[in-house]
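Okay, structure first, notes after.
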Amino acid sequence: MRLSALPVRSALSAPSLLSVLPVLAVVVLLGLPVTPGGSATPADAASGLVVLCALVRAVRGARRPLTRTAAVLFGLPVVGVAVAATGALTTSDALAGLARYLQVFVLVPVAVLLLVRDRRGARLVLWSLVGLALWQGAIGVHQNLTETGALYQGADIRAVGTFGPSDVMGMATVVAFGVVAATGLALGTRARRERLVAAGCALALLVPLALSFSRGAWIATAFACGAQLLLVGVRRAATVFAAAAAAAVVLVGGLGLGAATLQERLTSVTHVTDAPDQSVVDRYTMWAAAGEMWRGHPLTGVGLKAFPAHRDGHASLALSSGSDTAGAGQAFRRQPLLSPHNMYLLLLSEQGMLGLLAFAGSWLALLVIALRRLRRGGRAVRDCALPACGLLLWQLVNFLYADIGGPSTILAGVCLGLAAWWALAPDRATAPTTAGTR
């Protein structure tokens, strides 16, 4: 009797695991070295496979692939970006911008929503994010210890993983996703061994996250992990906060892992108005320029990918010509500042109030639905619900300090898709495994 039940369980689980293999391919391919100056990456190509597989499944299915709510939430950004594309300076800018926005914020998330069939598939994608973070984080720590990373304050100590100095936020983004996913799994998983492994991964990933020197990633990670902890209870939150603080003291204070540099970087988070460095000045200047662009074109913005063309006409003289990048196997180069490094201001300046409301309104509605479902599901669904909500929260907070750009951007689409799966998938897909399926 017991032997005859095994093939049944295998038959039930195999399709759900095979379905997410294209999504896993995107995550795995982000572990490969990035070609300097390249536009498309193997992960981008794999994202096309993800969309194709989801399309095949939708065509083969006998029912409507998306609910009405999902169609509205992912249809709104299509309208916003399509209107903005009509105002682009060139046809190539319109097509390139339209393709990128649709890829990251519509096609890939919808494909992930369709391909993740159940909680087994969702957990597999979450653990793949943790695995990628561990890989990139290990490379980043090695870069810091051997001074083979990206240039930072005159030394090649900035951990950038395989993304190189031209995408200094790449490794920070990947590692932060890993921290948030591992934290959610540790808090929500009932299996003791899996919970301990997830907690250990989350603590270990704090080291490369710190060595990325990315203030925006630090803030977003602290916010997302703190929110996950509070969702499971104040007492557990206090315990985990204490453990994380103790680990930080040991790793940074006791072992001296970049203590002086980290202290300076942490201090700059709360003292940016006293003596800001040039990167902070540039960011604030571009934020102001984005606001000026919006005031000149309040409804539809200046057009897709038009921020660089309008930047100098709206920015003050405090803006530098670019940022210095070097190290991690690449020669010194001056990288131009082509965006405001704030997704909401980028939307506002290039797509106007229409684009901002379409995108941000869709994300906020998705977050509300996901949190309501988490509260309704209780402890039994936390293993997938907490990481999904945490990843979406991280992205929304990080968008205050970053925008789309670089190879790691495709992960935003994957994480948005996981959040969409949790919020919008049928109840049978998100329900915990019952005794009847064993």
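By convention in this document, the chains of the structure tokens carry letters A, B, ... by their order, each chain's residues are numbered from 1, and ligands are numbered from 1 in the order they are shown.
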
Assign secondary structure with DSSP using the backbone only, and return the residues of stretch 267-414 of chain A in alpha helix (DSSP H) as a PyMOL selection string.
chain A and resi 267-270+278-296+307-314+343-377+382-398+409-414

Those selected residues, please, written with C-alpha atoms and delivered as a JSON list (two decimals), in the first residue's frame.
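File produced: part.json:
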```json
[["chain", "number", "residue", "atom", "x", "y", "z"],
["A", 267, "THR", "CA", 27.46, 56.93, 8.98],
["A", 268, "SER", "CA", 26.88, 58.44, 5.56],
["A", 269, "VAL", "CA", 23.34, 57.01, 5.50],
["A", 270, "THR", "CA", 22.21, 59.38, 8.25],
["A", 278, "GLN", "CA", 29.96, 63.30, -4.90],
["A", 279, "SER", "CA", 27.79, 60.23, -5.44],
["A", 280, "VAL", "CA", 25.18, 61.64, -3.05],
["A", 281, "VAL", "CA", 25.39, 65.08, -4.69],
["A", 282, "ASP", "CA", 24.91, 63.50, -8.11],
["A", 283, "ARG", "CA", 21.92, 61.51, -6.93],
["A", 284, "TYR", "CA", 20.15, 64.48, -5.37],
["A", 285, "THR", "CA", 20.91, 66.58, -8.44],
["A", 286, "MET", "CA", 19.42, 63.98, -10.75],
["A", 287, "TRP", "CA", 16.38, 63.64, -8.50],
["A", 288, "ALA", "CA", 15.84, 67.38, -8.81],
["A", 289, "ALA", "CA", 16.30, 67.18, -12.58],
["A", 290, "ALA", "CA", 13.71, 64.40, -12.80],
["A", 291, "GLY", "CA", 11.27, 66.57, -10.87],
["A", 292, "GLU", "CA", 11.85, 69.46, -13.25],
["A", 293, "MET", "CA", 11.19, 67.20, -16.25],
["A", 294, "TRP", "CA", 7.91, 66.08, -14.72],
["A", 295, "ARG", "CA", 6.79, 69.63, -14.04],
["A", 296, "GLY", "CA", 7.35, 70.43, -17.70],
["A", 307, "PHE", "CA", 16.01, 61.18, -19.37],
["A", 308, "PRO", "CA", 19.65, 61.41, -20.58],
["A", 309, "ALA", "CA", 18.72, 63.80, -23.38],
["A", 310, "HIS", "CA", 16.88, 66.16, -21.01],
["A", 311, "ARG", "CA", 19.20, 65.76, -18.02],
["A", 312, "ASP", "CA", 21.68, 68.55, -18.66],
["A", 313, "GLY", "CA", 18.91, 71.01, -19.45],
["A", 314, "HIS", "CA", 17.37, 70.51, -16.01],
["A", 343, "MET", "CA", 12.52, 54.14, -10.13],
["A", 344, "TYR", "CA", 9.59, 56.30, -9.12],
["A", 345, "LEU", "CA", 11.27, 59.48, -10.33],
["A", 346, "LEU", "CA", 12.35, 57.72, -13.53],
["A", 347, "LEU", "CA", 8.72, 56.78, -14.17],
["A", 348, "LEU", "CA", 7.55, 60.26, -13.27],
["A", 349, "SER", "CA", 10.05, 62.02, -15.52],
["A", 350, "GLU", "CA", 9.79, 59.73, -18.56],
["A", 351, "GLN", "CA", 6.17, 58.54, -18.28],
["A", 352, "GLY", "CA", 4.55, 61.27, -16.23],
["A", 353, "MET", "CA", 1.82, 60.85, -13.66],
["A", 354, "LEU", "CA", 0.05, 58.36, -15.92],
["A", 355, "GLY", "CA", 3.01, 55.98, -15.94],
["A", 356, "LEU", "CA", 3.74, 56.38, -12.23],
["A", 357, "LEU", "CA", 0.15, 55.63, -11.23],
["A", 358, "ALA", "CA", -0.03, 52.67, -13.63],
["A", 359, "PHE", "CA", 3.13, 50.99, -12.36],
["A", 360, "ALA", "CA", 3.22, 52.01, -8.69],
["A", 361, "GLY", "CA", -0.53, 51.54, -8.34],
["A", 362, "SER", "CA", -0.26, 48.01, -9.70],
["A", 363, "TRP", "CA", 2.62, 47.14, -7.35],
["A", 364, "LEU", "CA", 0.86, 48.60, -4.31],
["A", 365, "ALA", "CA", -2.37, 46.74, -5.09],
["A", 366, "LEU", "CA", -0.40, 43.52, -5.49],
["A", 367, "LEU", "CA", 1.26, 44.05, -2.11],
["A", 368, "VAL", "CA", -2.07, 44.68, -0.39],
["A", 369, "ILE", "CA", -3.61, 41.53, -1.89],
["A", 370, "ALA", "CA", -0.53, 39.47, -0.95],
["A", 371, "LEU", "CA", -0.54, 40.69, 2.67],
["A", 372, "ARG", "CA", -4.27, 40.07, 3.02],
["A", 373, "ARG", "CA", -3.85, 36.52, 1.76],
["A", 374, "LEU", "CA", -0.94, 35.97, 4.15],
["A", 375, "ARG", "CA", -3.05, 37.12, 7.09],
["A", 376, "ARG", "CA", -5.96, 34.96, 6.00],
["A", 377, "GLY", "CA", -3.80, 31.86, 5.48],
["A", 382, "ARG", "CA", 4.12, 31.29, 5.82],
["A", 383, "ASP", "CA", 6.93, 29.31, 4.18],
["A", 384, "CYS", "CA", 6.00, 30.72, 0.76],
["A", 385, "ALA", "CA", 3.96, 33.77, 1.74],
["A", 386, "LEU", "CA", 6.60, 35.50, 3.87],
["A", 387, "PRO", "CA", 9.40, 35.34, 1.26],
["A", 388, "ALA", "CA", 7.04, 36.39, -1.55],
["A", 389, "CYS", "CA", 5.80, 39.41, 0.38],
["A", 390, "GLY", "CA", 9.31, 40.22, 1.59],
["A", 391, "LEU", "CA", 10.78, 40.20, -1.92],
["A", 392, "LEU", "CA", 8.07, 42.55, -3.16],
["A", 393, "LEU", "CA", 8.60, 44.87, -0.19],
["A", 394, "TRP", "CA", 12.34, 44.87, -0.80],
["A", 395, "GLN", "CA", 11.87, 45.86, -4.41],
["A", 396, "LEU", "CA", 9.44, 48.67, -3.62],
["A", 397, "VAL", "CA", 11.78, 50.15, -1.00],
["A", 398, "ASN", "CA", 14.90, 49.68, -3.13],
["A", 409, "THR", "CA", 17.22, 43.54, -13.41],
["A", 410, "ILE", "CA", 15.63, 40.36, -14.73],
["A", 411, "LEU", "CA", 15.50, 39.04, -11.16],
["A", 412, "ALA", "CA", 13.06, 41.85, -10.34],
["A", 413, "GLY", "CA", 10.66, 40.25, -12.81],
["A", 414, "VAL", "CA", 11.12, 36.81, -11.22]]
```

Selection: 10 Å around A:Leu52, only C-alpha atoms, excl. self and same-chain fewer than 4 positions, as an mmCIF file with N, CA and C atoms, in the first residue's frame:
```
data_model
loop_
_atom_site.group_PDB
_atom_site.id
_atom_site.type_symbol
_atom_site.label_atom_id
_atom_site.label_comp_id
_atom_site.auth_asym_id
_atom_site.auth_seq_id
_atom_site.Cartn_x
_atom_site.Cartn_y
_atom_site.Cartn_z
ATOM 1 N N PRO A 22 12.373 26.414 -16.436
ATOM 2 C CA PRO A 22 12.807 27.614 -17.167
ATOM 3 C C PRO A 22 13.089 28.800 -16.245
ATOM 4 N N ALA A 46 17.095 33.346 -21.483
ATOM 5 C CA ALA A 46 16.311 32.351 -20.752
ATOM 6 C C ALA A 46 14.955 32.913 -20.347
ATOM 7 N N SER A 47 14.891 34.218 -20.097
ATOM 8 C CA SER A 47 13.593 34.816 -19.759
ATOM 9 C C SER A 47 12.631 34.714 -20.934
ATOM 10 N N GLY A 48 13.173 34.751 -22.160
ATOM 11 C CA GLY A 48 12.332 34.533 -23.328
ATOM 12 C C GLY A 48 11.764 33.121 -23.344
ATOM 13 N N VAL A 56 2.847 28.525 -24.050
ATOM 14 C CA VAL A 56 2.439 27.181 -24.457
ATOM 15 C C VAL A 56 1.457 26.592 -23.453
ATOM 16 N N ARG A 57 1.753 26.788 -22.166
ATOM 17 C CA ARG A 57 0.848 26.258 -21.147
ATOM 18 C C ARG A 57 -0.517 26.937 -21.211
ATOM 19 N N ALA A 58 -0.509 28.256 -21.461
ATOM 20 C CA ALA A 58 -1.781 28.977 -21.543
ATOM 21 C C ALA A 58 -2.603 28.511 -22.740
ATOM 22 N N LEU A 107 5.747 40.587 -18.795
ATOM 23 C CA LEU A 107 5.859 39.253 -19.395
ATOM 24 C C LEU A 107 6.476 38.233 -18.456
ATOM 25 N N VAL A 108 7.620 38.543 -17.873
ATOM 26 C CA VAL A 108 8.273 37.587 -16.969
ATOM 27 C C VAL A 108 7.445 37.344 -15.704
ATOM 28 N N ALA A 111 4.560 35.159 -16.636
ATOM 29 C CA ALA A 111 5.039 33.810 -16.941
ATOM 30 C C ALA A 111 5.347 33.035 -15.671
#
```

Fewer than 6 positions away in the same chain doesn't count, so skip those; otherwise give me all residues within 7 Å of A:Asp118, counting only C-alpha atoms, as a list in words.
Ser16, Ala429 and Thr430 of chain A

Take the residues from that selection and put them in a file with N, CA, C and O atoms, as a PDB file, in the first residue's frame.
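again01.pdb, written as the output of this step:
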```
ATOM      1  N   SER A  16       4.846  19.852 -11.424  1.00  0.00           N
ATOM      2  CA  SER A  16       5.020  21.163 -10.794  1.00  0.00           C
ATOM      3  C   SER A  16       6.485  21.569 -10.747  1.00  0.00           C
ATOM      4  O   SER A  16       6.825  22.748 -10.904  1.00  0.00           O
ATOM      5  N   ALA A 429      -3.483  26.205  -5.624  1.00  0.00           N
ATOM      6  CA  ALA A 429      -2.048  26.275  -5.901  1.00  0.00           C
ATOM      7  C   ALA A 429      -1.252  26.736  -4.695  1.00  0.00           C
ATOM      8  O   ALA A 429      -0.105  26.330  -4.513  1.00  0.00           O
ATOM      9  N   THR A 430      -1.845  27.580  -3.864  1.00  0.00           N
ATOM     10  CA  THR A 430      -1.120  28.140  -2.717  1.00  0.00           C
ATOM     11  C   THR A 430      -1.443  27.436  -1.415  1.00  0.00           C
ATOM     12  O   THR A 430      -0.827  27.726  -0.390  1.00  0.00           O
TER      13      THR A 430
END
```

Exercise: A:Leu29 partners within 9 Å, only C-alpha atoms, chain neighbours under 3 positions left out, as number ranges by chain:
A: 24-26, 32, 41-43, 46

For the selection you just gave me, I'd like the residues written to a file as a short mmCIF file (atom, residue, chain, number, x, y, z; two decimals), in the first residue's frame, keeping N, CA and C atoms.
```cif
data_model
loop_
_atom_site.label_atom_id
_atom_site.label_comp_id
_atom_site.auth_asym_id
_atom_site.auth_seq_id
_atom_site.Cartn_x
_atom_site.Cartn_y
_atom_site.Cartn_z
N LEU A 24 14.15 28.54 -13.14
CA LEU A 24 15.43 28.23 -12.49
C LEU A 24 16.60 28.52 -13.43
N ALA A 25 16.40 28.31 -14.73
CA ALA A 25 17.47 28.58 -15.70
C ALA A 25 17.86 30.05 -15.69
N VAL A 26 16.87 30.93 -15.56
CA VAL A 26 17.17 32.36 -15.48
C VAL A 26 18.05 32.66 -14.28
N LEU A 32 26.77 33.40 -14.15
CA LEU A 32 27.86 33.45 -15.11
C LEU A 32 28.47 34.85 -15.16
N THR A 41 21.99 39.30 -22.08
CA THR A 41 22.74 38.29 -21.35
C THR A 41 22.05 36.93 -21.54
N PRO A 42 22.74 35.84 -21.20
CA PRO A 42 22.08 34.53 -21.26
C PRO A 42 20.82 34.46 -20.41
N ALA A 43 20.81 35.17 -19.28
CA ALA A 43 19.61 35.18 -18.43
C ALA A 43 18.45 35.85 -19.15
N ALA A 46 17.10 33.35 -21.48
CA ALA A 46 16.31 32.35 -20.75
C ALA A 46 14.95 32.91 -20.35
#
```

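Closest approach to A:Trp218 among A:Ala172, A:Arg428, A:Ala138, A:Leu416: A:Ala172, based on only C-alpha atoms.
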
What gap, in Å, lies between atom CA of A:Ala306 and atom CA of A:Pro407?
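If I compute the distance from atom CA of A:Ala306 to atom CA of A:Pro407, I get 20.9 Å.
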
Using only C-alpha atoms, can you tell me which of A:Trp421, A:Leu21, A:Pro165, A:Cys225 comes closest to A:Leu203?
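Going through A:Trp421, A:Leu21, A:Pro165, A:Cys225 one by one, the smallest distance to A:Leu203 is for A:Cys225.
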
With DSSP run on the backbone, what are the strand (DSSP E) residues within stretch 105-217 of chain A? I'd like them as a PyMOL selection string.
chain A and resi 150-152+155-158

Restricting it to N, CA, C and O atoms, dump the selection as a PDB file, in the first residue's frame.
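Final output, result.pdb:
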```pdb
ATOM      1  N   ALA A 150      35.767  45.799  -7.192  1.00  0.00           N
ATOM      2  CA  ALA A 150      35.630  47.073  -7.886  1.00  0.00           C
ATOM      3  C   ALA A 150      36.281  48.187  -7.064  1.00  0.00           C
ATOM      4  O   ALA A 150      36.474  48.072  -5.847  1.00  0.00           O
ATOM      5  N   LEU A 151      36.620  49.252  -7.736  1.00  0.00           N
ATOM      6  CA  LEU A 151      37.280  50.392  -7.089  1.00  0.00           C
ATOM      7  C   LEU A 151      36.328  51.064  -6.108  1.00  0.00           C
ATOM      8  O   LEU A 151      35.184  51.373  -6.434  1.00  0.00           O
ATOM      9  N   TYR A 152      36.830  51.287  -4.877  1.00  0.00           N
ATOM     10  CA  TYR A 152      36.060  52.004  -3.857  1.00  0.00           C
ATOM     11  C   TYR A 152      37.030  52.737  -2.950  1.00  0.00           C
ATOM     12  O   TYR A 152      37.865  52.119  -2.288  1.00  0.00           O
ATOM     13  N   ALA A 155      40.758  51.821  -3.438  1.00  0.00           N
ATOM     14  CA  ALA A 155      41.171  50.418  -3.318  1.00  0.00           C
ATOM     15  C   ALA A 155      40.149  49.526  -4.006  1.00  0.00           C
ATOM     16  O   ALA A 155      38.956  49.835  -4.030  1.00  0.00           O
ATOM     17  N   ASP A 156      40.610  48.406  -4.538  1.00  0.00           N
ATOM     18  CA  ASP A 156      39.721  47.470  -5.239  1.00  0.00           C
ATOM     19  C   ASP A 156      39.099  46.494  -4.240  1.00  0.00           C
ATOM     20  O   ASP A 156      39.406  45.300  -4.230  1.00  0.00           O
ATOM     21  N   ILE A 157      38.205  47.010  -3.395  1.00  0.00           N
ATOM     22  CA  ILE A 157      37.663  46.207  -2.293  1.00  0.00           C
ATOM     23  C   ILE A 157      36.150  46.043  -2.362  1.00  0.00           C
ATOM     24  O   ILE A 157      35.571  45.342  -1.533  1.00  0.00           O
ATOM     25  N   ARG A 158      35.503  46.658  -3.318  1.00  0.00           N
ATOM     26  CA  ARG A 158      34.037  46.574  -3.366  1.00  0.00           C
ATOM     27  C   ARG A 158      33.611  45.243  -3.973  1.00  0.00           C
ATOM     28  O   ARG A 158      34.004  44.890  -5.084  1.00  0.00           O
TER      29      ARG A 158
END
```

Quick one: residues within 10 Å of A:Gly200, only C-alpha atoms counted, chain neighbours fewer than 6 positions away excluded, as a list in words?
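So, after excluding close chain neighbours, the residues are Ala182, Thr183, Ala186 and Glu194 of chain A.
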